[in-house]
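Peer 1: Please find input10.tsv (TSV, C-alpha atoms and all ligand atoms) on the next line:
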chain	number	residue	atom	x	y	z
A	1	MET	CA	-6.35	-0.18	-6.40
A	2	ILE	CA	-4.80	0.53	-9.74
A	3	LYS	CA	-1.70	-1.66	-9.44
A	4	PRO	CA	1.93	-0.68	-10.27
A	5	ASP	CA	1.90	-2.32	-13.73
A	6	ALA	CA	-1.06	-0.24	-14.91
A	7	VAL	CA	0.44	2.96	-13.47
A	8	GLU	CA	3.79	2.21	-15.22
A	9	ASN	CA	1.98	1.52	-18.50
A	10	GLY	CA	0.09	4.84	-18.41
A	11	HIS	CA	-3.38	3.41	-17.79
A	12	ILE	CA	-4.57	5.46	-14.79
A	13	GLY	CA	-6.80	7.66	-16.94
A	14	GLY	CA	-8.17	4.81	-19.06
A	15	ILE	CA	-9.05	2.75	-16.01
A	16	LEU	CA	-10.70	5.64	-14.15
A	17	ASP	CA	-12.75	6.38	-17.27
A	18	LYS	CA	-14.01	2.78	-17.40
A	19	ILE	CA	-14.88	2.94	-13.68
A	20	THR	CA	-16.78	6.23	-13.76
A	21	SER	CA	-18.47	5.37	-17.11
A	22	ALA	CA	-19.79	2.20	-15.44
A	23	GLY	CA	-21.58	4.30	-12.83
A	24	PHE	CA	-19.21	4.11	-9.87
A	25	LYS	CA	-18.84	7.21	-7.73
A	26	ILE	CA	-15.32	7.89	-6.39
A	27	VAL	CA	-15.71	8.74	-2.68
A	28	ALA	CA	-11.96	8.60	-1.83
A	29	MET	CA	-8.79	8.49	-3.93
A	30	LYS	CA	-5.01	8.81	-3.50
A	31	TYR	CA	-1.71	8.22	-5.32
A	32	THR	CA	0.71	6.41	-3.04
A	33	GLN	CA	3.25	3.59	-2.76
A	34	LEU	CA	2.82	0.59	-0.48
A	35	SER	CA	5.64	-0.42	1.87
A	36	ARG	CA	6.47	-4.14	2.13
A	37	ARG	CA	4.67	-4.22	5.47
A	38	ASP	CA	1.60	-2.59	3.89
A	39	ALA	CA	1.49	-5.12	1.04
A	40	GLN	CA	2.04	-8.08	3.36
A	41	ALA	CA	-0.81	-6.88	5.57
A	42	PHE	CA	-3.15	-6.07	2.69
A	43	TYR	CA	-2.68	-9.49	1.07
A	44	ALA	CA	-2.22	-11.45	4.36
A	45	ILE	CA	-4.95	-13.87	3.25
A	46	HIS	CA	-2.50	-15.12	0.57
A	47	LYS	CA	0.58	-15.43	2.81
A	48	GLU	CA	0.83	-19.22	2.45
A	49	ARG	CA	0.46	-19.14	-1.35
A	50	PRO	CA	3.55	-19.83	-3.49
A	51	PHE	CA	3.21	-16.47	-5.27
A	52	PHE	CA	3.09	-14.36	-2.07
A	53	GLY	CA	6.69	-13.10	-2.31
A	54	GLU	CA	6.24	-12.22	-5.96
A	55	LEU	CA	2.95	-10.47	-5.13
A	56	VAL	CA	4.59	-8.31	-2.42
A	57	ASP	CA	7.54	-7.45	-4.71
A	58	PHE	CA	5.11	-6.45	-7.45
A	59	MET	CA	2.72	-4.42	-5.31
A	60	THR	CA	5.58	-2.40	-3.74
A	61	ARG	CA	7.68	-1.68	-6.83
A	62	GLY	CA	6.00	1.60	-7.76
A	63	PRO	CA	3.07	3.86	-7.03
A	64	ILE	CA	-0.54	2.76	-7.00
A	65	VAL	CA	-3.88	4.58	-7.04
A	66	SER	CA	-6.21	3.54	-4.25
A	67	ALA	CA	-9.87	4.46	-4.25
A	68	ILE	CA	-13.15	3.78	-2.53
A	69	LEU	CA	-15.99	3.34	-5.00
A	70	GLU	CA	-19.71	3.56	-4.31
A	71	LYS	CA	-22.56	2.02	-6.30
A	72	ASP	CA	-25.51	-0.29	-5.73
A	73	ASN	CA	-24.19	-3.87	-5.82
A	74	ALA	CA	-20.67	-2.42	-6.01
A	75	VAL	CA	-18.59	-5.50	-5.14
A	76	GLU	CA	-20.22	-7.79	-7.67
A	77	ASP	CA	-20.48	-5.12	-10.38
A	78	PHE	CA	-16.86	-4.04	-9.94
A	79	ARG	CA	-15.58	-7.60	-10.17
A	80	ALA	CA	-17.59	-8.01	-13.37
A	81	LEU	CA	-16.08	-4.77	-14.71
A	82	ILE	CA	-12.48	-5.82	-13.94
A	83	GLY	CA	-12.81	-9.41	-15.22
A	84	ALA	CA	-11.07	-12.65	-14.27
A	85	THR	CA	-7.84	-12.68	-12.21
A	86	ASN	CA	-5.94	-13.99	-15.26
A	87	PRO	CA	-6.39	-11.50	-18.12
A	88	ALA	CA	-6.18	-14.41	-20.56
A	89	ASP	CA	-9.53	-15.58	-19.12
A	90	ALA	CA	-11.08	-12.11	-18.76
A	91	ALA	CA	-14.11	-11.19	-20.89
A	92	GLU	CA	-13.80	-8.72	-23.77
A	93	GLY	CA	-14.11	-5.10	-22.65
A	94	THR	CA	-13.15	-5.77	-19.02
A	95	ILE	CA	-10.42	-3.69	-17.40
A	96	ARG	CA	-8.07	-6.66	-17.05
A	97	LYS	CA	-8.63	-7.71	-20.68
A	98	LEU	CA	-7.86	-4.17	-21.83
A	99	PHE	CA	-5.05	-3.19	-19.47
A	100	ALA	CA	-3.48	-6.20	-17.67
A	101	THR	CA	-0.50	-8.21	-18.85
A	102	SER	CA	-0.48	-11.43	-16.75
A	103	ILE	CA	-2.13	-13.26	-13.86
A	104	ALA	CA	0.41	-11.65	-11.52
A	105	GLU	CA	0.40	-8.16	-13.06
A	106	ASN	CA	-3.31	-7.74	-13.54
A	107	ALA	CA	-3.80	-3.97	-13.41
A	108	VAL	CA	-6.41	-3.65	-10.66
A	109	HIS	CA	-7.59	-5.00	-7.32
A	110	GLY	CA	-11.23	-5.25	-6.32
A	111	SER	CA	-12.63	-6.09	-2.90
A	112	ASP	CA	-14.35	-9.49	-2.72
A	113	SER	CA	-17.09	-8.66	-0.16
A	114	ASP	CA	-18.73	-5.64	1.51
A	115	GLU	CA	-17.00	-6.63	4.75
A	116	ASN	CA	-13.54	-6.68	3.12
A	117	ALA	CA	-14.32	-3.46	1.24
A	118	ALA	CA	-14.86	-1.72	4.59
A	119	ILE	CA	-11.62	-3.18	6.01
A	120	GLU	CA	-9.65	-2.25	2.89
A	121	GLY	CA	-11.13	1.26	2.76
A	122	ALA	CA	-9.99	1.84	6.35
A	123	PHE	CA	-6.56	0.45	5.45
A	124	HIS	CA	-6.04	3.15	2.79
A	125	PHE	CA	-8.00	6.17	4.07
A	126	ALA	CA	-8.65	8.24	7.18
A	127	GLY	CA	-12.25	9.23	7.81
A	128	ARG	CA	-11.64	12.83	6.68
A	129	GLU	CA	-10.42	11.55	3.29
A	130	ILE	CA	-13.74	9.82	2.52
A	131	PHE	CA	-16.51	11.94	0.95
B	201	LIG	P1	-7.32	-9.02	-6.28
B	201	LIG	O1	-7.49	-9.56	-4.87
B	201	LIG	O2	-5.96	-8.33	-6.48
B	201	LIG	O3	-8.48	-8.17	-6.72
B	201	LIG	P2	-8.31	-11.47	-7.38
B	201	LIG	O4	-9.29	-11.42	-6.25
B	201	LIG	O5	-8.83	-11.54	-8.77
B	201	LIG	O6	-7.31	-10.24	-7.31
B	201	LIG	P3	-6.73	-13.29	-5.80
B	201	LIG	O7	-6.90	-14.77	-5.89
B	201	LIG	O8	-7.28	-12.57	-4.62
B	201	LIG	O9	-7.30	-12.67	-7.16
B	201	LIG	O10	-5.17	-13.00	-5.93
B	201	LIG	C1	-4.64	-11.76	-5.49
B	201	LIG	C2	-3.57	-11.32	-6.46
B	201	LIG	O11	-2.45	-12.20	-6.38
B	201	LIG	C3	-3.96	-11.38	-7.94
B	201	LIG	O12	-4.71	-10.28	-8.35
B	201	LIG	C4	-2.60	-11.41	-8.60
B	201	LIG	O13	-1.98	-10.11	-8.60
B	201	LIG	C5	-1.84	-12.32	-7.65
B	201	LIG	N1	-1.93	-13.72	-8.08
B	201	LIG	C6	-3.01	-14.54	-7.99
B	201	LIG	N2	-2.75	-15.76	-8.48
B	201	LIG	C7	-1.45	-15.72	-8.90
B	201	LIG	C8	-0.58	-16.66	-9.50
B	201	LIG	N3	-0.98	-17.91	-9.78
B	201	LIG	N4	0.69	-16.27	-9.80
B	201	LIG	C9	1.11	-15.01	-9.51
B	201	LIG	N5	0.34	-14.07	-8.93
B	201	LIG	C10	-0.93	-14.42	-8.65
B	202	MG	MG	-8.72	-11.09	-4.22
As a first step, turn the structure in this file into structure tokens.
Ligand code: ATP
Ligand code: MG
Peer 2:
Amino acid sequence: MIKPDAVENGHIGGILDKITSAGFKIVAMKYTQLSRRDAQAFYAIHKERPFFGELVDFMTRGPIVSAILEKDNAVEDFRALIGATNPADAAEGTIRKLFATSIAENAVHGSDSDENAAIEGAFHFAGREIF
């Protein structure tokens, strides 16, 4: 996902350029806004964390871009491309270093395993929307 902060700040094009230039193929994509229920379900793993309410407020405050990306070693390579959760710790040239503003508003989400990528892809897309 390209998160609401990056959409608000006009970074959809810049982020997609970094993603496709790094060799990822976009196999599904949409521009949408998460409901509170959607965000709570998507980030359910974090529901006991102190920042959960803030995370749900943030992720629902405006539109996002969701996409399914395909590449060899995609999960690991995408997390390297986006950089550390806190942009202050992210390596030079990473998407979060370039486009994120804070640990909470960090521009993009990346799946953390192939298993979660499949779950998250099905959360956002119907089968006929995946190419
Ligand atoms: P994501 O799952 O969005 O790709 P991540 O895997 O790098 O990010 P997680 O630990 O899964 O990081 O946290 C999920 C999201 O919760 C973060 O991307 C960020 O938006 C928010 N978050 C994480 N830690 C904090 C924090 N300490 N304070 C506020 N928000 C936070
Ligand atoms: Mg995560």
Peer 1: Find the residues near ligand MG 202 (chain B). Use a cut-off of 12 Å, count all atoms listed in the file, and write them as a list in words.
Peer 2: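 The residues within 12 Å of ligand MG 202 (chain B), counting all atoms listed in the file, are Met1, Phe42, Tyr43, Ala44, Ile45, His46, Leu55, Val75, Arg79, Ile82, Gly83, Ala84, Thr85, Asn86, Ile103, Ala104, Asn106, Val108, His109, Gly110, Ser111, Asp112, Ser113, Asn116, Ala117 and Glu120 of chain A.
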Peer 1: In Å, how far is it from CA of Asn9 (chain A) to CA of Glu105 (chain A)?
Peer 2: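 Computing it gives 11.2 Å between the two atoms.
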Peer 1: Which one of A:Gly23, A:Pro63, A:Gly13, A:Pro87 sits closest to Ser35 (chain A) if you count all atoms listed in the file?
Peer 2: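 The shortest atom-to-atom distance to Ser35 (chain A) comes from A:Pro63.
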Peer 1: Taking into account only C-alpha atoms, which residue in the set A:Met29, A:Pro4, A:Glu70, A:Leu16 is nearest to Val56 (chain A)?
Peer 2: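 Residue with the minimum atom-to-atom distance to Val56 (chain A): A:Pro4.
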Peer 1: Pick out the closest residue to Ser66 (chain A) from this set: A:Gly121, A:Gly14, A:Pro50, A:Gly93. Count only C-alpha atoms.
Peer 2: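 Using only C-alpha atoms, Ser66 (chain A) sits closest to A:Gly121.
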Peer 1: To test the calculation: enclose all listed atoms of ligand LIG 201 (chain B) in a box whose edges run along x, y and z, add 8 Å on each side, then state centre and edge lengths in Å to one decimal, as AutoDock Vina command-line options.
Peer 2:
--center_x -4.1 --center_y -13.0 --center_z -7.2 --size_x 26.4 --size_y 25.7 --size_z 21.2
Peer 1: Given only C-alpha atoms as the basis, pick out the residue of A:Ala39, A:Ala100, A:Lys25, A:His124 nearest to Phe58 (chain A).
Peer 2: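 Smallest distance to Phe58 (chain A) is found for A:Ala39.
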Peer 1: Counting all atoms listed in the file, which of A:Gly10, A:Leu81, A:Thr101, A:Ala118 gets nearest to Ile130 (chain A)?
Peer 2: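 Ranking A:Gly10, A:Leu81, A:Thr101, A:Ala118 by distance to Ile130 (chain A), first place goes to A:Ala118.
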Peer 1: Interatomic distance between CA of Leu34 (chain A) and CA of Thr60 (chain A)?
Peer 2: 5.2 Å
Peer 1: Rank A:Phe51, A:Ile68, A:Lys3, A:Asp17 by their smallest atom-to-atom distance to Phe125 (chain A), using all atoms listed in the file, and report the top residue only.
Peer 2: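 The closest residue to Phe125 (chain A) is A:Ile68.
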Peer 1: Enter the distance from CA of Ala28 (chain A) to CA of Ala67 (chain A), in Å, rounded to one decimal.
Peer 2: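 It comes out at 5.2 Å.
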Peer 1: Would you list the contacts of Ala107 (chain A) as a list in words, taking every protein, DNA or RNA residue within 7 Å and counting all atoms listed in the file, but skipping same-chain residues closer than 5 positions in sequence?
Peer 2: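 Near Ala107 (chain A), the qualifying residues are Ile2, Lys3, Asp5, Ala6, Arg96, Phe99 and Ala100 of chain A.
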Peer 1: Model the absent atoms of region 83-109 of chain A so that N, CA, C and O atoms are present, and write the result as a PDB file, in the coordinates of the input.
Peer 2:
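File produced: result_13.pdb:
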ATOM      1  N   GLY A  83     -13.039  -8.138 -14.536  1.00  0.00           N
ATOM      2  CA  GLY A  83     -12.810  -9.410 -15.220  1.00  0.00           C
ATOM      3  C   GLY A  83     -11.994 -10.389 -14.394  1.00  0.00           C
ATOM      4  O   GLY A  83     -11.581 -10.100 -13.275  1.00  0.00           O
ATOM      5  N   ALA A  84     -11.739 -11.555 -14.971  1.00  0.00           N
ATOM      6  CA  ALA A  84     -11.070 -12.650 -14.270  1.00  0.00           C
ATOM      7  C   ALA A  84      -9.653 -12.269 -13.835  1.00  0.00           C
ATOM      8  O   ALA A  84      -9.011 -11.429 -14.459  1.00  0.00           O
ATOM      9  N   THR A  85      -9.178 -12.934 -12.755  1.00  0.00           N
ATOM     10  CA  THR A  85      -7.840 -12.680 -12.210  1.00  0.00           C
ATOM     11  C   THR A  85      -6.776 -12.773 -13.312  1.00  0.00           C
ATOM     12  O   THR A  85      -5.872 -11.938 -13.396  1.00  0.00           O
ATOM     13  N   ASN A  86      -6.875 -13.822 -14.145  1.00  0.00           N
ATOM     14  CA  ASN A  86      -5.940 -13.990 -15.260  1.00  0.00           C
ATOM     15  C   ASN A  86      -6.508 -13.273 -16.494  1.00  0.00           C
ATOM     16  O   ASN A  86      -7.571 -13.656 -16.996  1.00  0.00           O
ATOM     17  N   PRO A  87      -5.830 -12.243 -16.978  1.00  0.00           N
ATOM     18  CA  PRO A  87      -6.390 -11.500 -18.120  1.00  0.00           C
ATOM     19  C   PRO A  87      -6.642 -12.373 -19.353  1.00  0.00           C
ATOM     20  O   PRO A  87      -7.494 -12.037 -20.180  1.00  0.00           O
ATOM     21  N   ALA A  88      -5.933 -13.488 -19.443  1.00  0.00           N
ATOM     22  CA  ALA A  88      -6.180 -14.410 -20.560  1.00  0.00           C
ATOM     23  C   ALA A  88      -7.593 -14.981 -20.506  1.00  0.00           C
ATOM     24  O   ALA A  88      -8.160 -15.370 -21.538  1.00  0.00           O
ATOM     25  N   ASP A  89      -8.170 -15.047 -19.300  1.00  0.00           N
ATOM     26  CA  ASP A  89      -9.530 -15.580 -19.120  1.00  0.00           C
ATOM     27  C   ASP A  89     -10.579 -14.475 -19.002  1.00  0.00           C
ATOM     28  O   ASP A  89     -11.773 -14.763 -18.858  1.00  0.00           O
ATOM     29  N   ALA A  90     -10.149 -13.215 -18.996  1.00  0.00           N
ATOM     30  CA  ALA A  90     -11.080 -12.110 -18.760  1.00  0.00           C
ATOM     31  C   ALA A  90     -11.923 -11.833 -20.008  1.00  0.00           C
ATOM     32  O   ALA A  90     -11.442 -11.935 -21.138  1.00  0.00           O
ATOM     33  N   ALA A  91     -13.183 -11.468 -19.778  1.00  0.00           N
ATOM     34  CA  ALA A  91     -14.110 -11.190 -20.890  1.00  0.00           C
ATOM     35  C   ALA A  91     -13.679  -9.941 -21.653  1.00  0.00           C
ATOM     36  O   ALA A  91     -13.055  -9.034 -21.091  1.00  0.00           O
ATOM     37  N   GLU A  92     -14.061  -9.903 -22.929  1.00  0.00           N
ATOM     38  CA  GLU A  92     -13.800  -8.720 -23.770  1.00  0.00           C
ATOM     39  C   GLU A  92     -14.372  -7.475 -23.100  1.00  0.00           C
ATOM     40  O   GLU A  92     -15.480  -7.508 -22.559  1.00  0.00           O
ATOM     41  N   GLY A  93     -13.619  -6.376 -23.175  1.00  0.00           N
ATOM     42  CA  GLY A  93     -14.110  -5.100 -22.650  1.00  0.00           C
ATOM     43  C   GLY A  93     -13.867  -4.895 -21.172  1.00  0.00           C
ATOM     44  O   GLY A  93     -14.087  -3.793 -20.668  1.00  0.00           O
ATOM     45  N   THR A  94     -13.430  -5.949 -20.451  1.00  0.00           N
ATOM     46  CA  THR A  94     -13.150  -5.770 -19.020  1.00  0.00           C
ATOM     47  C   THR A  94     -11.807  -5.057 -18.848  1.00  0.00           C
ATOM     48  O   THR A  94     -10.963  -5.032 -19.746  1.00  0.00           O
ATOM     49  N   ILE A  95     -11.642  -4.462 -17.672  1.00  0.00           N
ATOM     50  CA  ILE A  95     -10.420  -3.690 -17.400  1.00  0.00           C
ATOM     51  C   ILE A  95      -9.187  -4.576 -17.506  1.00  0.00           C
ATOM     52  O   ILE A  95      -8.169  -4.172 -18.076  1.00  0.00           O
ATOM     53  N   ARG A  96      -9.258  -5.797 -16.970  1.00  0.00           N
ATOM     54  CA  ARG A  96      -8.070  -6.660 -17.050  1.00  0.00           C
ATOM     55  C   ARG A  96      -7.809  -7.110 -18.491  1.00  0.00           C
ATOM     56  O   ARG A  96      -6.657  -7.227 -18.904  1.00  0.00           O
ATOM     57  N   LYS A  97      -8.847  -7.351 -19.265  1.00  0.00           N
ATOM     58  CA  LYS A  97      -8.630  -7.710 -20.680  1.00  0.00           C
ATOM     59  C   LYS A  97      -7.954  -6.559 -21.417  1.00  0.00           C
ATOM     60  O   LYS A  97      -7.052  -6.769 -22.229  1.00  0.00           O
ATOM     61  N   LEU A  98      -8.388  -5.332 -21.116  1.00  0.00           N
ATOM     62  CA  LEU A  98      -7.860  -4.170 -21.830  1.00  0.00           C
ATOM     63  C   LEU A  98      -6.473  -3.754 -21.354  1.00  0.00           C
ATOM     64  O   LEU A  98      -5.644  -3.330 -22.162  1.00  0.00           O
ATOM     65  N   PHE A  99      -6.216  -3.863 -20.036  1.00  0.00           N
ATOM     66  CA  PHE A  99      -5.050  -3.190 -19.470  1.00  0.00           C
ATOM     67  C   PHE A  99      -4.058  -4.090 -18.739  1.00  0.00           C
ATOM     68  O   PHE A  99      -2.961  -3.625 -18.404  1.00  0.00           O
ATOM     69  N   ALA A 100      -4.394  -5.343 -18.453  1.00  0.00           N
ATOM     70  CA  ALA A 100      -3.480  -6.200 -17.670  1.00  0.00           C
ATOM     71  C   ALA A 100      -2.577  -6.992 -18.598  1.00  0.00           C
ATOM     72  O   ALA A 100      -2.881  -7.193 -19.784  1.00  0.00           O
ATOM     73  N   THR A 101      -1.470  -7.470 -18.043  1.00  0.00           N
ATOM     74  CA  THR A 101      -0.500  -8.210 -18.850  1.00  0.00           C
ATOM     75  C   THR A 101      -0.394  -9.675 -18.459  1.00  0.00           C
ATOM     76  O   THR A 101      -0.055 -10.505 -19.303  1.00  0.00           O
ATOM     77  N   SER A 102      -0.638 -10.033 -17.196  1.00  0.00           N
ATOM     78  CA  SER A 102      -0.480 -11.430 -16.750  1.00  0.00           C
ATOM     79  C   SER A 102      -1.308 -11.674 -15.503  1.00  0.00           C
ATOM     80  O   SER A 102      -1.843 -10.734 -14.911  1.00  0.00           O
ATOM     81  N   ILE A 103      -1.379 -12.946 -15.083  1.00  0.00           N
ATOM     82  CA  ILE A 103      -2.130 -13.260 -13.860  1.00  0.00           C
ATOM     83  C   ILE A 103      -1.538 -12.549 -12.645  1.00  0.00           C
ATOM     84  O   ILE A 103      -2.271 -12.186 -11.720  1.00  0.00           O
ATOM     85  N   ALA A 104      -0.230 -12.327 -12.652  1.00  0.00           N
ATOM     86  CA  ALA A 104       0.410 -11.650 -11.520  1.00  0.00           C
ATOM     87  C   ALA A 104       0.235 -10.129 -11.638  1.00  0.00           C
ATOM     88  O   ALA A 104      -0.083  -9.455 -10.652  1.00  0.00           O
ATOM     89  N   GLU A 105       0.432  -9.611 -12.846  1.00  0.00           N
ATOM     90  CA  GLU A 105       0.400  -8.160 -13.060  1.00  0.00           C
ATOM     91  C   GLU A 105      -0.909  -7.824 -13.763  1.00  0.00           C
ATOM     92  O   GLU A 105      -0.959  -7.649 -14.989  1.00  0.00           O
ATOM     93  N   ASN A 106      -1.969  -7.771 -12.962  1.00  0.00           N
ATOM     94  CA  ASN A 106      -3.310  -7.740 -13.540  1.00  0.00           C
ATOM     95  C   ASN A 106      -4.064  -6.425 -13.323  1.00  0.00           C
ATOM     96  O   ASN A 106      -5.282  -6.394 -13.289  1.00  0.00           O
ATOM     97  N   ALA A 107      -3.308  -5.352 -13.230  1.00  0.00           N
ATOM     98  CA  ALA A 107      -3.800  -3.970 -13.410  1.00  0.00           C
ATOM     99  C   ALA A 107      -4.632  -3.398 -12.270  1.00  0.00           C
ATOM    100  O   ALA A 107      -4.499  -2.219 -11.949  1.00  0.00           O
ATOM    101  N   VAL A 108      -5.518  -4.194 -11.687  1.00  0.00           N
ATOM    102  CA  VAL A 108      -6.410  -3.650 -10.660  1.00  0.00           C
ATOM    103  C   VAL A 108      -6.701  -4.696  -9.584  1.00  0.00           C
ATOM    104  O   VAL A 108      -6.613  -5.909  -9.817  1.00  0.00           O
ATOM    105  N   HIS A 109      -7.047  -4.180  -8.413  1.00  0.00           N
ATOM    106  CA  HIS A 109      -7.590  -5.000  -7.320  1.00  0.00           C
ATOM    107  C   HIS A 109      -9.016  -4.576  -7.060  1.00  0.00           C
ATOM    108  O   HIS A 109      -9.318  -3.374  -7.088  1.00  0.00           O
TER     109      HIS A 109
END
